[in-house]
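Text of the file my_file34.cif, holding mmCIF, C-alpha atoms:
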data_work
loop_
_atom_site.label_atom_id
_atom_site.label_comp_id
_atom_site.auth_asym_id
_atom_site.auth_seq_id
_atom_site.Cartn_x
_atom_site.Cartn_y
_atom_site.Cartn_z
CA MET A 399 15.13 23.78 17.06
CA LEU A 400 14.06 22.14 13.80
CA ASN A 401 16.04 22.90 10.65
CA LEU A 402 15.18 21.45 7.31
CA ASP A 403 16.12 21.85 3.71
CA LEU A 404 14.83 19.14 1.45
CA ALA A 405 13.18 18.08 -1.76
CA ILE A 406 10.83 15.22 -2.55
CA ARG A 407 9.02 14.21 -5.70
CA ARG A 408 5.90 12.02 -5.64
CA GLY A 409 4.48 11.42 -9.10
CA ASN A 410 3.85 14.84 -10.62
CA PHE A 411 4.07 16.63 -7.31
CA GLU A 412 7.28 18.18 -6.12
CA LEU A 413 7.84 19.68 -2.69
CA LEU A 414 10.76 21.95 -1.88
CA ALA A 415 10.99 22.99 1.74
CA ARG A 416 13.43 25.10 3.69
CA ALA A 417 12.68 26.37 7.14
CA GLU A 418 13.94 27.00 10.61
CA ILE A 419 11.27 26.29 13.15
CA GLY A 420 11.54 27.45 16.73
CA ALA A 421 9.97 26.21 19.98
CA GLY A 422 6.36 27.03 20.84
CA VAL A 423 3.55 26.49 18.35
CA THR A 424 4.36 26.94 14.69
CA GLY A 425 1.45 27.19 12.31
CA ILE A 426 2.06 26.07 8.75
CA PHE A 427 -0.69 27.60 6.76
CA GLY A 428 -1.53 26.94 3.14
CA PRO A 429 -4.22 25.73 0.73
CA SER A 430 -5.28 22.08 0.49
CA GLY A 431 -2.95 19.96 -1.62
CA CYS A 432 0.09 22.22 -1.20
CA GLY A 433 2.09 19.43 0.47
CA LYS A 434 1.49 20.10 4.16
CA SER A 435 0.81 16.47 5.03
CA THR A 436 3.83 15.38 2.99
CA LEU A 437 5.96 17.81 4.98
CA LEU A 438 4.76 16.39 8.32
CA ALA A 439 5.30 12.83 7.11
CA LEU A 440 8.88 13.78 6.22
CA ILE A 441 9.47 15.30 9.67
CA ALA A 442 7.85 12.30 11.40
CA GLY A 443 10.01 9.87 9.42
CA LEU A 444 7.21 8.22 7.44
CA LEU A 445 8.70 9.42 4.13
CA ARG A 446 12.24 9.80 2.91
CA PRO A 447 13.25 12.96 1.06
CA GLU A 448 14.99 12.61 -2.27
CA ARG A 449 17.68 14.96 -1.10
CA GLY A 450 18.29 17.29 1.80
CA TYR A 451 18.38 17.11 5.56
CA ILE A 452 16.29 17.51 8.70
CA ARG A 453 17.93 18.35 12.01
CA PHE A 454 16.19 18.49 15.36
CA ALA A 455 17.98 20.08 18.32
CA ASN A 456 21.32 19.50 16.59
CA GLU A 457 20.55 15.84 15.97
CA ALA A 458 20.43 14.80 12.30
CA LEU A 459 17.24 12.87 11.55
CA VAL A 460 17.76 12.64 7.80
CA ASP A 461 20.73 13.57 5.71
CA THR A 462 20.78 12.18 2.20
CA ALA A 463 24.39 13.33 1.74
CA GLN A 464 25.43 10.90 4.49
CA ALA A 465 22.77 8.28 3.67
CA LEU A 466 21.37 8.85 7.13
CA PHE A 467 17.74 8.12 7.98
CA VAL A 468 16.29 7.72 11.46
CA PRO A 469 13.04 5.70 11.20
CA ALA A 470 9.80 7.08 12.64
CA TRP A 471 9.78 4.85 15.71
CA ARG A 472 13.18 6.16 16.82
CA ARG A 473 12.37 9.89 16.36
CA HIS A 474 10.17 10.27 19.41
CA MET A 475 7.80 12.70 17.74
CA GLY A 476 4.04 12.52 18.02
CA LEU A 477 1.83 12.81 14.96
CA VAL A 478 -1.89 13.43 15.15
CA PHE A 479 -3.57 12.47 11.89
CA GLN A 480 -6.44 14.34 10.32
CA ASP A 481 -8.83 11.48 11.07
CA GLY A 482 -7.28 10.31 14.33
CA GLN A 483 -6.25 6.82 13.17
CA LEU A 484 -7.20 5.20 16.47
CA PHE A 485 -6.56 1.47 16.67
CA PRO A 486 -10.05 0.02 16.11
CA HIS A 487 -9.32 -3.22 17.98
CA LEU A 488 -8.22 -1.51 21.20
CA SER A 489 -10.20 0.31 23.87
CA VAL A 490 -9.69 4.04 24.39
CA HIS A 491 -7.61 3.14 27.43
CA SER A 492 -5.28 0.86 25.43
CA ASN A 493 -5.08 3.38 22.60
CA LEU A 494 -3.96 6.06 25.04
CA ARG A 495 -1.36 3.76 26.57
CA TYR A 496 0.06 2.48 23.27
CA GLY A 497 3.07 4.80 23.15
CA TYR A 498 3.09 5.55 26.89
CA ARG A 499 3.58 2.01 28.13
CA ALA A 500 6.77 1.44 26.13
CA LEU A 501 8.43 4.49 27.71
CA ARG A 502 10.69 4.25 30.71
CA PRO A 503 9.04 5.95 33.72
CA SER A 504 11.77 8.64 33.62
CA GLU A 505 10.77 9.47 30.02
CA ARG A 506 7.12 10.07 30.90
CA ARG A 507 6.65 13.81 31.12
CA LEU A 508 2.90 13.68 31.73
CA ALA A 509 0.93 11.41 34.03
CA PHE A 510 -1.86 9.31 32.53
CA GLU A 511 -4.48 10.99 34.75
CA THR A 512 -3.22 14.48 33.88
CA VAL A 513 -3.85 13.88 30.18
CA THR A 514 -7.19 12.11 30.58
CA GLU A 515 -8.40 14.96 32.80
CA LEU A 516 -7.00 17.68 30.54
CA LEU A 517 -8.80 16.21 27.53
CA GLU A 518 -11.87 15.08 29.50
CA LEU A 519 -11.46 11.45 28.51
CA THR A 520 -12.04 9.79 31.88
CA ALA A 521 -15.60 8.73 31.06
CA LEU A 522 -14.60 7.24 27.71
CA LEU A 523 -11.78 4.92 28.76
CA GLU A 524 -13.68 1.64 28.40
CA ARG A 525 -15.16 2.45 24.98
CA ARG A 526 -13.92 1.35 21.59
CA PRO A 527 -13.16 3.87 18.83
CA ALA A 528 -16.28 2.80 16.91
CA GLN A 529 -18.39 4.02 19.84
CA LEU A 530 -16.91 7.53 19.86
CA SER A 531 -18.05 10.70 18.13
CA GLY A 532 -15.69 12.53 15.76
CA GLY A 533 -14.66 15.06 18.38
CA GLU A 534 -14.09 12.40 21.04
CA ARG A 535 -11.96 10.41 18.61
CA GLN A 536 -9.80 13.42 17.89
CA ARG A 537 -9.34 14.09 21.61
CA VAL A 538 -8.24 10.49 22.15
CA ALA A 539 -5.79 10.82 19.25
CA LEU A 540 -4.36 13.96 20.84
CA GLY A 541 -4.12 12.27 24.23
CA ARG A 542 -2.41 9.23 22.72
CA ALA A 543 0.24 11.40 21.08
CA LEU A 544 0.72 13.52 24.23
CA LEU A 545 1.14 10.51 26.52
CA TYR A 546 4.02 9.39 24.34
CA SER A 547 5.78 12.54 25.68
CA PRO A 548 6.99 13.55 22.22
CA ARG A 549 9.90 15.92 21.75
CA LEU A 550 7.80 17.60 19.08
CA LEU A 551 4.09 17.24 18.41
CA LEU A 552 3.00 17.27 14.77
CA LEU A 553 -0.64 18.05 14.11
CA ASP A 554 -1.93 17.30 10.62
CA GLU A 555 -5.16 19.31 10.25
CA PRO A 556 -6.51 17.74 13.43
CA LEU A 557 -9.72 19.76 13.16
CA ALA A 558 -10.41 19.42 9.43
CA SER A 559 -12.82 16.50 9.78
CA LEU A 560 -14.88 18.21 12.50
CA ASP A 561 -17.81 20.59 12.22
CA GLN A 562 -17.64 24.15 13.54
CA ARG A 563 -19.14 23.28 16.92
CA LEU A 564 -16.56 20.53 17.53
CA LYS A 565 -13.71 22.70 16.31
CA GLU A 566 -14.64 25.25 18.91
CA GLN A 567 -14.62 22.48 21.49
CA ILE A 568 -11.17 21.14 20.58
CA LEU A 569 -9.31 24.40 20.01
CA PRO A 570 -9.31 25.31 23.73
CA PHE A 571 -7.87 21.86 24.47
CA LEU A 572 -5.03 22.55 22.07
CA LYS A 573 -4.42 25.86 23.75
CA ARG A 574 -4.35 24.19 27.15
CA ILE A 575 -1.90 21.58 25.86
CA LYS A 576 0.29 24.39 24.59
CA GLU A 577 0.20 26.29 27.86
CA GLU A 578 0.38 23.37 30.26
CA THR A 579 2.84 21.00 28.58
CA ARG A 580 5.18 23.34 26.69
CA ILE A 581 5.75 20.60 24.11
CA PRO A 582 6.73 22.31 20.85
CA MET A 583 4.13 21.83 18.14
CA ILE A 584 3.88 22.14 14.40
CA PHE A 585 0.31 22.71 13.43
CA VAL A 586 -0.65 22.36 9.80
CA THR A 587 -3.92 23.83 8.58
CA HIS A 588 -5.73 25.63 5.78
CA ALA A 589 -7.83 27.65 8.25
CA GLN A 590 -6.52 31.10 9.06
CA ALA A 591 -8.56 31.37 12.27
CA GLU A 592 -6.91 28.30 13.84
CA VAL A 593 -3.46 29.68 13.13
CA ASP A 594 -4.33 33.08 14.61
CA TYR A 595 -5.72 31.45 17.74
CA LEU A 596 -2.85 29.06 18.47
CA ALA A 597 0.39 29.81 16.74
CA ASP A 598 3.37 31.80 18.00
CA GLN A 599 4.96 31.71 14.59
CA VAL A 600 3.32 31.27 11.18
CA ILE A 601 5.01 29.99 8.07
CA PRO A 602 2.97 30.34 4.88
CA MET A 603 3.07 27.55 2.35
CA THR A 604 2.36 27.75 -1.36
CA PRO A 605 1.79 24.69 -3.56
CA GLY A 606 4.99 22.65 -3.46
CA ARG A 607 7.00 25.30 -1.60
CA LEU A 608 7.76 26.05 2.02
CA GLY A 609 10.02 29.01 2.81
CA ALA A 610 12.51 30.36 0.32
CA ASP A 611 13.52 28.12 -2.58
CA PRO A 612 16.34 25.89 -1.43
CA ALA A 613 19.72 26.84 -2.74
CA PRO A 614 20.93 24.68 -5.63
CA GLN A 615 22.55 21.54 -4.23
CA GLY A 616 26.03 20.19 -4.91
CA MET B 910 -21.38 -44.54 19.93
CA TRP B 911 -22.65 -45.78 16.61
CA LEU B 912 -19.21 -45.95 14.93
CA SER B 913 -17.11 -49.12 14.86
CA PRO B 914 -13.55 -49.00 16.30
CA GLN B 915 -12.04 -48.90 12.79
CA GLU B 916 -14.29 -46.02 11.83
CA TRP B 917 -13.37 -44.12 14.99
CA GLN B 918 -9.72 -44.76 14.18
CA ALA B 919 -10.16 -43.10 10.78
CA VAL B 920 -11.97 -40.12 12.32
CA ALA B 921 -9.35 -39.63 15.05
CA LEU B 922 -6.54 -39.95 12.53
CA SER B 923 -8.16 -37.40 10.24
CA ALA B 924 -8.58 -34.96 13.11
CA ARG B 925 -4.93 -35.37 14.11
CA VAL B 926 -3.69 -34.98 10.52
CA ALA B 927 -5.87 -31.92 9.88
CA LEU B 928 -4.85 -30.29 13.17
CA CYS B 929 -1.14 -30.81 12.49
CA ALA B 930 -1.48 -29.56 8.91
CA THR B 931 -3.25 -26.42 10.17
CA LEU B 932 -0.62 -25.81 12.87
CA VAL B 933 2.11 -26.04 10.21
CA CYS B 934 0.25 -23.82 7.75
CA LEU B 935 -0.65 -21.07 10.24
CA PRO B 936 2.75 -19.44 10.90
CA THR B 937 4.20 -20.24 7.46
CA GLY B 938 1.00 -19.12 5.72
CA ILE B 939 0.95 -15.81 7.61
CA GLY B 940 4.62 -15.26 6.73
CA VAL B 941 4.14 -15.99 3.03
CA ALA B 942 0.90 -13.96 2.89
CA TRP B 943 2.76 -11.01 4.42
CA LEU B 944 5.55 -11.33 1.83
CA LEU B 945 3.05 -11.44 -1.02
CA ALA B 946 0.87 -8.63 0.34
CA ARG B 947 3.55 -6.19 1.46
CA ARG B 948 6.85 -6.83 -0.25
CA ARG B 949 8.17 -6.48 -3.77
CA PHE B 950 10.94 -8.84 -4.74
CA PRO B 951 12.19 -10.59 -7.86
CA GLY B 952 10.48 -13.91 -8.49
CA LYS B 953 7.35 -12.89 -6.57
CA PHE B 954 5.12 -14.09 -9.39
CA LEU B 955 6.85 -17.49 -9.35
CA LEU B 956 6.38 -17.86 -5.59
CA ASP B 957 2.73 -16.90 -5.98
CA ALA B 958 2.24 -19.40 -8.82
CA LEU B 959 4.02 -22.17 -6.90
CA ILE B 960 1.75 -21.67 -3.89
CA GLN B 961 -1.43 -21.61 -5.98
CA MET B 962 -0.33 -24.67 -7.97
CA PRO B 963 -1.88 -27.37 -5.74
CA MET B 964 -5.30 -25.77 -6.25
CA VAL B 965 -5.20 -26.17 -10.03
CA LEU B 966 -3.26 -29.44 -10.38
CA PRO B 967 -4.84 -32.89 -10.05
CA PRO B 968 -4.08 -33.67 -6.35
CA VAL B 969 -2.19 -36.87 -7.23
CA VAL B 970 0.49 -34.77 -8.93
CA PRO B 971 1.65 -32.95 -5.76
CA GLY B 972 1.29 -36.26 -3.92
CA TYR B 973 3.52 -37.99 -6.43
CA LEU B 974 6.08 -35.14 -6.27
CA LEU B 975 6.08 -35.38 -2.46
CA LEU B 976 6.78 -39.10 -2.79
CA LEU B 977 9.70 -38.39 -5.15
CA LEU B 978 11.13 -35.79 -2.75
CA PHE B 979 10.32 -37.27 0.66
CA GLY B 980 10.31 -41.00 -0.18
CA THR B 981 13.16 -42.91 1.45
CA GLN B 982 14.93 -42.90 -1.95
CA GLY B 983 14.19 -39.20 -2.55
CA PRO B 984 16.70 -36.36 -1.95
CA ILE B 985 15.00 -34.95 1.18
CA GLY B 986 13.52 -38.22 2.47
CA GLY B 987 16.82 -40.06 1.99
CA TRP B 988 18.74 -37.32 3.82
CA LEU B 989 16.25 -37.27 6.71
CA LYS B 990 16.47 -41.04 7.04
CA ALA B 991 20.28 -41.17 6.85
CA HIS B 992 20.89 -38.34 9.36
CA PHE B 993 17.94 -38.45 11.73
CA GLY B 994 16.34 -41.84 11.08
CA ILE B 995 13.10 -40.01 10.20
CA VAL B 996 10.78 -41.60 7.68
CA ILE B 997 7.85 -39.54 6.44
CA ALA B 998 6.46 -41.52 3.51
CA PHE B 999 3.67 -43.93 4.46
CA THR B 1000 3.26 -42.45 7.96
CA TRP B 1001 0.56 -40.19 9.44
CA GLN B 1002 3.10 -37.36 9.53
CA GLY B 1003 3.37 -37.80 5.77
CA ALA B 1004 -0.41 -37.52 5.52
CA ALA B 1005 -0.19 -34.25 7.46
CA LEU B 1006 2.51 -32.99 5.08
CA ALA B 1007 0.38 -33.90 2.05
CA SER B 1008 -2.64 -32.15 3.59
CA ALA B 1009 -0.57 -29.09 4.48
CA THR B 1010 0.73 -28.82 0.91
CA MET B 1011 -2.75 -29.03 -0.55
CA ALA B 1012 -4.36 -26.69 1.99
CA PHE B 1013 -1.58 -24.07 2.06
CA PRO B 1014 -3.03 -21.81 -0.68
CA LEU B 1015 -6.36 -21.76 1.18
CA MET B 1016 -4.52 -20.49 4.26
CA VAL B 1017 -2.50 -17.87 2.35
CA GLN B 1018 -5.28 -16.32 0.28
CA PRO B 1019 -7.61 -14.97 3.02
CA VAL B 1020 -4.69 -13.77 5.14
CA ARG B 1021 -3.18 -11.99 2.17
CA LEU B 1022 -6.48 -10.26 1.43
CA ALA B 1023 -6.90 -9.29 5.08
CA LEU B 1024 -3.38 -7.81 5.16
CA ARG B 1025 -4.07 -5.79 2.03
CA MET B 1026 -7.28 -4.39 3.54
CA ILE B 1027 -5.47 -2.91 6.56
CA ASP B 1028 -5.09 0.86 6.38
CA GLY B 1029 -1.33 1.42 6.27
CA ARG B 1030 -1.76 4.66 8.19
CA LEU B 1031 -2.71 2.69 11.32
CA GLU B 1032 0.68 1.02 11.14
CA GLN B 1033 2.28 4.42 10.56
CA ALA B 1034 0.43 5.79 13.60
CA ALA B 1035 1.88 2.94 15.67
CA SER B 1036 5.39 3.68 14.44
CA THR B 1037 5.05 7.38 15.31
CA LEU B 1038 4.23 6.19 18.84
CA GLY B 1039 7.63 4.55 19.08
CA ALA B 1040 6.68 0.99 18.12
CA PRO B 1041 9.47 -0.88 16.30
CA PRO B 1042 8.36 -2.88 13.22
CA TRP B 1043 7.94 -6.16 15.13
CA ARG B 1044 5.68 -4.50 17.69
CA VAL B 1045 3.62 -2.88 14.95
CA PHE B 1046 3.20 -6.32 13.36
CA LEU B 1047 2.21 -8.07 16.60
CA THR B 1048 -0.05 -5.36 18.04
CA VAL B 1049 -1.63 -3.78 14.96
CA THR B 1050 -1.18 -5.81 11.77
CA LEU B 1051 -1.84 -9.28 13.18
CA PRO B 1052 -4.91 -8.37 15.32
CA LEU B 1053 -6.46 -6.46 12.41
CA ALA B 1054 -5.94 -9.46 10.14
CA THR B 1055 -7.62 -11.83 12.62
CA PRO B 1056 -10.82 -12.42 10.62
CA GLY B 1057 -8.72 -13.43 7.59
CA ILE B 1058 -6.47 -15.63 9.71
CA ILE B 1059 -9.46 -17.44 11.23
CA ALA B 1060 -11.05 -17.91 7.82
CA GLY B 1061 -7.76 -19.28 6.47
CA ALA B 1062 -7.27 -21.66 9.40
CA VAL B 1063 -10.81 -23.05 9.08
CA LEU B 1064 -10.48 -23.52 5.31
CA CYS B 1065 -7.10 -25.15 5.87
CA PHE B 1066 -8.51 -27.50 8.53
CA THR B 1067 -11.57 -28.57 6.52
CA ARG B 1068 -9.55 -28.97 3.31
CA SER B 1069 -7.15 -31.20 5.27
CA LEU B 1070 -10.05 -33.31 6.60
CA GLY B 1071 -11.10 -33.92 3.02
CA GLU B 1072 -7.67 -34.47 1.50
CA PHE B 1073 -7.67 -37.56 -0.68
CA GLY B 1074 -5.56 -37.64 -3.83
CA ALA B 1075 -2.22 -36.38 -2.57
CA THR B 1076 -2.50 -38.47 0.62
CA MET B 1077 -3.24 -41.62 -1.36
CA ALA B 1078 -0.29 -41.02 -3.70
CA PHE B 1079 2.21 -40.06 -0.99
CA VAL B 1080 1.37 -42.22 2.03
CA GLY B 1081 -1.04 -44.83 0.67
CA ASN B 1082 -4.14 -46.18 2.38
CA ILE B 1083 -2.88 -48.14 5.40
CA PRO B 1084 -5.60 -48.86 8.01
CA GLY B 1085 -4.79 -47.20 11.33
CA VAL B 1086 -1.74 -45.38 9.89
CA THR B 1087 -2.74 -43.32 6.88
CA ARG B 1088 -6.39 -44.28 6.29
CA THR B 1089 -8.07 -40.96 6.97
CA LEU B 1090 -11.81 -40.28 6.82
CA PRO B 1091 -12.11 -39.87 3.02
CA LEU B 1092 -9.83 -42.84 2.37
CA ALA B 1093 -11.92 -44.93 4.77
CA ILE B 1094 -15.12 -43.94 2.96
CA TYR B 1095 -13.52 -44.81 -0.36
CA SER B 1096 -12.37 -48.19 1.00
CA TYR B 1097 -15.78 -49.05 2.50
CA THR B 1098 -17.50 -48.41 -0.82
CA HIS B 1099 -15.24 -51.09 -2.33
CA VAL B 1100 -15.98 -53.90 0.10
CA PRO B 1101 -19.24 -55.90 0.09
CA GLY B 1102 -21.52 -54.75 2.92
CA GLY B 1103 -19.51 -51.58 3.53
CA ASP B 1104 -22.27 -49.22 2.41
CA ALA B 1105 -23.65 -48.58 5.89
CA ALA B 1106 -20.20 -47.67 7.25
CA ALA B 1107 -19.49 -45.44 4.25
CA MET B 1108 -22.81 -43.67 4.80
CA ARG B 1109 -22.13 -43.16 8.53
CA LEU B 1110 -18.75 -41.60 7.78
CA ALA B 1111 -20.21 -39.49 4.97
CA VAL B 1112 -22.87 -38.11 7.33
CA LEU B 1113 -20.17 -37.45 9.94
CA SER B 1114 -18.11 -35.55 7.32
CA ILE B 1115 -21.07 -33.35 6.51
CA LEU B 1116 -21.66 -32.64 10.20
CA LEU B 1117 -17.99 -31.80 10.78
CA ALA B 1118 -17.99 -29.43 7.82
CA LEU B 1119 -21.12 -27.69 9.10
CA VAL B 1120 -19.69 -27.32 12.59
CA ALA B 1121 -16.44 -25.91 11.19
CA LEU B 1122 -18.25 -23.36 9.01
CA LEU B 1123 -20.56 -22.34 11.85
CA THR B 1124 -17.64 -21.93 14.26
CA SER B 1125 -15.73 -19.84 11.75
CA HIS B 1126 -18.81 -17.70 11.12
CA LEU B 1127 -19.27 -17.03 14.82
CA ILE B 1128 -15.61 -16.30 15.55
CA THR B 1129 -15.29 -14.03 12.51
CA ARG B 1130 -18.39 -12.09 13.48
CA ARG B 1131 -17.11 -11.62 17.00
CA ALA B 1132 -13.70 -10.52 15.72
CA GLU B 1133 -15.26 -8.08 13.26
CA ARG B 1134 -17.39 -6.57 15.98
CA LEU B 1135 -14.38 -6.16 18.25
CA LEU B 1136 -12.47 -4.52 15.41
CA GLY B 1137 -15.35 -2.16 14.78
CA TYR B 1138 -15.86 -3.42 11.21
CA ARG B 1139 -19.42 -4.31 12.03
CA ASN B 1140 -22.11 -2.09 13.39
CA HIS B 1141 -23.78 -3.29 16.59
CA ALA B 1142 -27.27 -2.91 15.16
CA GLU B 1143 -26.49 -5.08 12.14
CA PRO B 1144 -27.87 -8.64 12.32
#

Rewrite the coordinates I just gave you, this time as structure tokens.
Amino acid sequence: MLNLDLAIRRGNFELLARAEIGAGVTGIFGPSGCGKSTLLALIAGLLRPERGYIRFANEALVDTAQALFVPAWRRHMGLVFQDGQLFPHLSVHSNLRYGYRALRPSERRLAFETVTELLELTALLERRPAQLSGGERQRVALGRALLYSPRLLLLDEPLASLDQRLKEQILPFLKRIKEETRIPMIFVTHAQAEVDYLADQVIPMTPGRLGADPAPQG
Amino acid sequence: MWLSPQEWQAVALSARVALCATLVCLPTGIGVAWLLARRRFPGKFLLDALIQMPMVLPPVVPGYLLLLLFGTQGPIGGWLKAHFGIVIAFTWQGAALASATMAFPLMVQPVRLALRMIDGRLEQAASTLGAPPWRVFLTVTLPLATPGIIAGAVLCFTRSLGEFGATMAFVGNIPGVTRTLPLAIYSYTHVPGGDAAAMRLAVLSILLALVALLTSHLITRRAERLLGYRNHAEP
């Protein structure tokens, strides 16, 4: 489904990644600072690799050899940030609809009510992000990404900023999303337990490396 | 009301000039502030310096330069007159141009700061939800910069109300045409028996400034609360 082989350097940090990621939930598991967020930003289209390629379902998203780069807004992938990144000036309702309302009705794979019920957001719709608790914010962020009907859902440590009690609240939601929507997910975390609970496939990450070292280029 | 017709004329003219100057500075100021806050390009320092220049120069200097450029003999003024029959020098539109030039840096600075304060990851979040750059700008960047834009517009408006030196140099002090509030005050202090009129207009200027600052304070507070920058319990 997703094939990548790339390299990026940011300051002193270098990330080399090569992987073939299938459907279902893929857990990418590694210590903090090993480049997990960088990897997701590359897949989402928020960063450009120095060299290499990313292909999704046989469509090239990046290929430095052909000077090809599809920007984030054309990739149709959802990204849930560690701290939610809800739009502070919009209500929960408008946050949820941000990606959804620009889709053609035929592209909407989930109904608005389905997602708000699944994530138990119905009572929060009129609130603003500043009036939400950490766990509620993260649920809204998940709902916002889901309503965009992404081809692939990228989750960047979505539980890291929550305490144990909230983690245990959100994890079942993620499992329900997995079982009820069948949207493929890449779930990045440094917590072994989350990977065990959710992932169908686990790829370990060491600092600056994902998968086998890429073959020398050229 | 307690103002004479001539005094009213000066007040109305000032309001019109300041409003036009602000309307010109708003879109251009937001554009330039965005360039300075978000883009890297050669000559950026020069653009920045050019925009800040009116704040550090004696105001007559920009006024004089405007006269050289936009006077009927000047390169731009001459061209406008020959092709469109438009004359800017010594008209109220010229006063608005002089005010806009002087107030422009005051528009740019707060907007630029506001743009720099925005967390870039919010804009990234919008783009991962399928929003093309223009939609990100209109629905995320611009609303989040609202407090800075309001502050800039109010500063721009009040600075335009008070513009004196550049206006005098560029469009003169013609009663009913270019004699704005500060020019009227200046003129009244030079005629015998004009003290009372000068005082009335001075008091009016102070009141206008207070109202503008209060309005900006209230709008900014409301905007900050809506954006969640301000806690509800805070006074």

Exercise for review: Write out as a PyMOL selection string every residue belonging to chain B that has an atom at most 12 Å from any atom of chain A, counting all atoms listed in the file.
Suggested key: chain B and resi 1027-1045+1048-1056+1131-1141

Review point. Applied to this file, what does the PyMOL selection byres ((chain B and resi 1002-1007) around 8) return in terms of residues, put as a PyMOL selection string?
Key: chain B and resi 926-927+929-930+971-972+975+997-1001+1008-1011+1069+1075-1076+1079-1080+1087

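The interatomic distance for the pair atom CA of B:Met1026 and atom CA of B:Gly1057 works out to 10.0 Å.
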
Could you put an axis-aligned box around every listed atom of stretch 586-596 of chain A, padded by 6 Å on each side, and send me its centre and edge lengths in Å to one decimal, as lines of an AutoDock Vina configuration file?
center_x = -4.6
center_y = 27.7
center_z = 12.1
size_x = 19.9
size_y = 22.7
size_z = 24.7

Exercise for review: For atom CA of A:Leu516 and atom CA of A:Thr587, quote the distance in Å rounded to one decimal.
Suggested key: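 Taking atom CA of A:Leu516 as the start and atom CA of A:Thr587 as the end point, the length is 23.0 Å.
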
Revision key, fill the gap. Atom pair atom CA of A:Gln599 + atom CA of A:Phe571, distance 19.0 Å

Review point. Using only C-alpha atoms, which of B:Leu1070, B:Leu1024, B:Leu935, B:Ile1059 sits nearest B:Leu1127?
Key: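 Among the listed residues, the smallest separation from B:Leu1127 belongs to B:Ile1059.
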
Exercise for review: Could you tell me which residues the PyMOL selection byres ((chain B and resi 1017) around 8) returns for this structure, as a list in words?
Suggested key: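 Selected by the PyMOL selection byres ((chain B and resi 1017) around 8) here: Gly938, Ile939, Val941, Ala942, Phe1013, Pro1014, Leu1015, Met1016, Gln1018, Pro1019, Val1020, Arg1021 and Gly1061 of chain B.
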
Practice item. With a distance cut-off of 8 Å and all atoms listed in the file, select the neighbouring residues of A:Leu553, excluding the residue or stretch itself and same-chain residues fewer than 2 positions from it, and output the selection as a VMD selection string. Key: chain A and resid 477 to 480 551 555 to 556 583 to 586

Would you output that residue set with C-alpha atoms, as a short mmCIF file (atom, residue, chain, number, x, y, z; two decimals), in the frame of the given file?
data_model
loop_
_atom_site.label_atom_id
_atom_site.label_comp_id
_atom_site.auth_asym_id
_atom_site.auth_seq_id
_atom_site.Cartn_x
_atom_site.Cartn_y
_atom_site.Cartn_z
CA LEU A 477 1.83 12.81 14.96
CA VAL A 478 -1.89 13.43 15.15
CA PHE A 479 -3.57 12.47 11.89
CA GLN A 480 -6.44 14.34 10.32
CA LEU A 551 4.09 17.24 18.41
CA GLU A 555 -5.16 19.31 10.25
CA PRO A 556 -6.51 17.74 13.43
CA MET A 583 4.13 21.83 18.14
CA ILE A 584 3.88 22.14 14.40
CA PHE A 585 0.31 22.71 13.43
CA VAL A 586 -0.65 22.36 9.80
#

**Study point:** Residues returned when the PyMOL selection byres ((chain A and resi 404) around 12) runs on this file, as a PyMOL selection string
**Key:** chain A and resi 401-403+405-407+412-417+436-437+440-441+445-453+460-463+606-615

Review point. Pick from B:Ile995, B:Met1108, B:Ile1128, B:Ile1094: nearest to B:Ala1060, with only C-alpha atoms counted?
Key: B:Ile1128

Review point. Could you name the residues that touch B:Leu945 at 9 Å or less, counting all atoms listed in the file, but leaving out those on the same chain fewer than 5 positions away, as a list in words?
Key: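 Once the adjacent positions are removed, what remains is Gly940, Lys953, Leu956, Asp957 and Arg1021 of chain B.
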